[in-house]
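Input: a single structure, listed below in structure tokens.
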Amino acid sequence: MSPTPASPSPDFDSTDSIDLRDLFARLARGLAPTLGLAALGLVVAVVLFLATSPFVTVTTSCRVNFAFDGFSKGEYPDHTKFQPDDLRAADVVVAALKRLNLDASEETQSKIRTALSVEGIIPPYIVKERDRLRTLSQVAQAPFLPDEYLITLTLPRKFALSGRQRELLLNEIVTAFRAKFLRTYGALPLAFGDVKETLQDADLSDFEFVLTTELENIYAYLNQQVERAKAFRSPTTNMSFSDLLKQAELFNQIDLNETLGNIRLNNLSRDRRATILKMDFVLKTLGDKERLALEEEKTTREFLGKAEEHAHDQNYLFGVKSQVTRPRTEAPLVDQGLVDSLLANDTYSAMLRKALDASLAVKRIQAEEARIQERRKEMETAMREDTSDQSTLIQKAEASLKVTESAYDRLVGNIRKTHADFAAQQFNDAVRLSMEAKTPGKFFSLALYGVFGAFLGTAAGMGLSLLGICIGERKQA
């Protein structure tokens, strides 16, 4: 057999081939000009950076994390709406500037608040997951509330704050906001346990109202805390909120009842006639409130009656039944009768609650009126029949008040210490820095400019060398 002839090799054009040796030779011949252009680009970039540096803005950034009750719903612990821009509130910025002993003028505050920005950090997997769910269904997704935010301070480099001061300022802004948060939601109200100042200029007849109201506030607070933190025990007082509630009950039964009972039994007052005048004014005020409350109760009951009549007149059961007996299809059905019945039931329930609240308000006012009228009658009787000197009884009552005051101070002191430990535990990580403030250094930016300039010079030199243009050499014949 004759050998199979070899297939002819394809023809290559000489222009399609690249001679790497020639390219490297050209680059080698233009090495010196290339290095010169690289050095020139480096110098030009450095000079350009130094010339424009005062006018270039510098960004200082940090990260802050939020974690407290209600944050997942976009609310503060008191159910008010959470706003990330609260971090750049005027009082927070002023507090941070004063802590660092910096200029806190209105002009500086305005510039800093304008330069501050707060942006939520959304993890990439959240974005991917929501995109996937959005493509699978047409159901609108609930808005995502990030728990970590990026705070940036963008100011010109020539601004009267160094890089370190800007970092400290951002950290202090977060610290000031955290202190404000703890004062608002972690500390007891300023008026809590401040009965002594109220009673300094008060008459003995006013002690019953003031101390009783204060004890009711203490009971309400302790009952609320017992529900919120049943297992909490303070490391400072070694007491739980249940223990404090028992201590408040003992204070009421032993100390408070004895003092108030002595004042009430003897109708003690430094000026009984002035006391009766105050009671008359209180009765007049309560009478005005009672008339308004009765009108509100009457109006509410009229609307309640109309809502009840409307609910009975409409046959909503047929609306529900029509939806049940109707043949089901692919599309969801919403029966108008069912919607009307739900609206009518909600309206009736709302009006019923309003009517109940109005009736209770009237009963409370009437009960207070009856109490003050009875107290007024007793004071009038004592003023007519009792002609003895009350100075001795008043001195005994004041001595008993001092004992009551000491017991009250112990109770309030234990409540404050226990609440402070509870707030420290509950809001320890409510607002915290997840990344300290950082500012890019000037030398780092200068190095970036230099590298970029040198790169441009090197690229220009290599390009000229590849084109056969050699700077500083005569072209050979």
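The way I read the labels, and the way they are meant: chains A, B, ... in the order of the structure tokens, residue 1 as the first residue of every chain, and ligand 1 as the first ligand shown, with later ones counted on from there.
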
Within 9 Å of segment 400-419 of chain A: each segment 148-230 of chain A residue with its shortest pair, only C-alpha atoms, as a tab-separated table:
```
residue	atom	partner	partner_atom	distance
A:Gly186	CA	A:His419	CA	8.1
A:Ala187	CA	A:His419	CA	7.6
A:Leu188	CA	A:Arg416	CA	7.3
A:Phe192	CA	A:Val412	CA	8.4
A:Gly193	CA	A:Val412	CA	5.9
A:Lys196	CA	A:Glu405	CA	7.9
A:Ile218	CA	A:Val412	CA	8.8
A:Leu222	CA	A:Ile415	CA	8.7
```

Pull N, CA and C atoms from the residues just selected and write them as a PDB file, in the first residue's frame.
```pdb
ATOM      1  N   GLY A 186     -33.440  54.031  80.556  1.00  0.00           N
ATOM      2  CA  GLY A 186     -32.863  53.192  81.592  1.00  0.00           C
ATOM      3  C   GLY A 186     -32.936  53.768  82.983  1.00  0.00           C
ATOM      4  N   ALA A 187     -33.081  55.097  83.105  1.00  0.00           N
ATOM      5  CA  ALA A 187     -33.094  55.732  84.419  1.00  0.00           C
ATOM      6  C   ALA A 187     -34.526  55.968  84.871  1.00  0.00           C
ATOM      7  N   LEU A 188     -34.696  56.036  86.185  1.00  0.00           N
ATOM      8  CA  LEU A 188     -36.004  56.368  86.740  1.00  0.00           C
ATOM      9  C   LEU A 188     -36.343  57.827  86.448  1.00  0.00           C
ATOM     10  N   PHE A 192     -39.458  60.766  90.457  1.00  0.00           N
ATOM     11  CA  PHE A 192     -39.704  59.557  91.240  1.00  0.00           C
ATOM     12  C   PHE A 192     -38.904  59.643  92.545  1.00  0.00           C
ATOM     13  N   GLY A 193     -39.609  59.505  93.680  1.00  0.00           N
ATOM     14  CA  GLY A 193     -38.932  59.539  94.971  1.00  0.00           C
ATOM     15  C   GLY A 193     -38.534  60.922  95.421  1.00  0.00           C
ATOM     16  N   LYS A 196     -40.050  64.680  99.273  1.00  0.00           N
ATOM     17  CA  LYS A 196     -39.627  65.587 100.347  1.00  0.00           C
ATOM     18  C   LYS A 196     -39.685  67.042  99.907  1.00  0.00           C
ATOM     19  N   ILE A 218     -45.406  54.033  93.049  1.00  0.00           N
ATOM     20  CA  ILE A 218     -44.419  52.994  93.378  1.00  0.00           C
ATOM     21  C   ILE A 218     -45.005  51.613  93.123  1.00  0.00           C
ATOM     22  N   LEU A 222     -43.473  48.919  90.425  1.00  0.00           N
ATOM     23  CA  LEU A 222     -42.970  47.619  90.868  1.00  0.00           C
ATOM     24  C   LEU A 222     -43.765  46.471  90.258  1.00  0.00           C
TER      25      LEU A 222
END
```

Exercise. Neighbours of segment 30-46 of chain A within 6 Å (only C-alpha atoms; same-chain residues fewer than 4 positions away dropped), as an NGL selection string?
Worked result: :A and (449-450 or 453-454 or 457-458 or 461 or 465 or 470)

Contact table segment 358-429 of chain A vs segment 292-299 of chain A, cut-off 8 Å, shortest pair per residue, only C-alpha atoms, as a tab-separated table:
```
residue	atom	partner	partner_atom	distance
A:Ala358	CA	A:Glu297	CA	5.0
A:Ser359	CA	A:Glu297	CA	6.1
A:Ala361	CA	A:Ala293	CA	6.8
A:Val362	CA	A:Ala293	CA	5.7
```

Mind writing the picked residues with N, CA and C atoms as a PDB file, in the first residue's frame?
```
ATOM      1  N   ALA A 358     -65.180  55.960  79.408  1.00  0.00           N
ATOM      2  CA  ALA A 358     -65.891  57.176  79.829  1.00  0.00           C
ATOM      3  C   ALA A 358     -66.645  56.951  81.128  1.00  0.00           C
ATOM      4  N   SER A 359     -67.278  55.795  81.269  1.00  0.00           N
ATOM      5  CA  SER A 359     -68.011  55.505  82.508  1.00  0.00           C
ATOM      6  C   SER A 359     -67.063  55.395  83.701  1.00  0.00           C
ATOM      7  N   ALA A 361     -64.182  56.871  83.993  1.00  0.00           N
ATOM      8  CA  ALA A 361     -63.691  58.210  84.309  1.00  0.00           C
ATOM      9  C   ALA A 361     -64.693  58.976  85.163  1.00  0.00           C
ATOM     10  N   VAL A 362     -65.979  58.859  84.848  1.00  0.00           N
ATOM     11  CA  VAL A 362     -67.012  59.517  85.652  1.00  0.00           C
ATOM     12  C   VAL A 362     -67.026  58.954  87.070  1.00  0.00           C
TER      13      VAL A 362
END
```

Exercise. So, counting only C-alpha atoms, which residue among A:Leu215, A:Gln425, A:His79, A:Ser117 is closest to Ala248 of chain A?
Worked result: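 Among the listed residues, the smallest separation from Ala248 of chain A belongs to A:Leu215.
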
For this session: List the neighbours of Asp103 of chain A out to 12 Å using only C-alpha atoms; skip same-chain residues closer than 2 positions along the sequence, and give me the result as a ChimeraX atom specification.
Result: /A:93-101,105-112,160-161,165,169

Write the residues of the selection above to a file with C-alpha atoms, as a compact mmCIF listing (two decimals), in the first residue's frame.
```txt
# COMPACT_ATOMS: atom_id res chain seq x y z
CA VAL A 93 -23.38 66.69 68.68
CA VAL A 94 -23.14 69.51 71.24
CA ALA A 95 -22.53 67.05 74.08
CA ALA A 96 -19.77 65.32 72.08
CA LEU A 97 -18.06 68.64 71.22
CA LYS A 98 -18.15 69.81 74.83
CA ARG A 99 -16.73 66.54 76.12
CA LEU A 100 -13.71 66.99 73.85
CA ASN A 101 -13.42 70.71 74.69
CA SER A 105 -20.51 77.32 68.25
CA GLU A 106 -23.63 77.15 66.10
CA GLU A 107 -21.57 77.44 62.91
CA THR A 108 -19.38 74.47 63.86
CA GLN A 109 -22.42 72.43 64.91
CA SER A 110 -24.12 73.13 61.61
CA LYS A 111 -21.08 72.11 59.56
CA ILE A 112 -20.54 68.91 61.53
CA ALA A 160 -10.01 72.82 61.98
CA LEU A 161 -10.03 69.21 63.18
CA GLN A 165 -9.88 64.61 66.68
CA LEU A 169 -15.53 63.08 67.83
```

Exercise. Taking the backbone alone, and naming residues the way the document does, which bits of segment 154-340 of chain A are helix (DSSP H, G or I) by DSSP, as a PyMOL selection string?
Worked result: chain A and resi 163-186+195-199+204-228+241-265+272-313+316-325+336-340

Exercise. So which one's closest to Glu369 of chain A, A:Glu309, A:Asp280, A:Glu436, A:Asp271? Using only C-alpha atoms, please.
Worked result: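 Distance minimum relative to Glu369 of chain A lands on A:Asp280.
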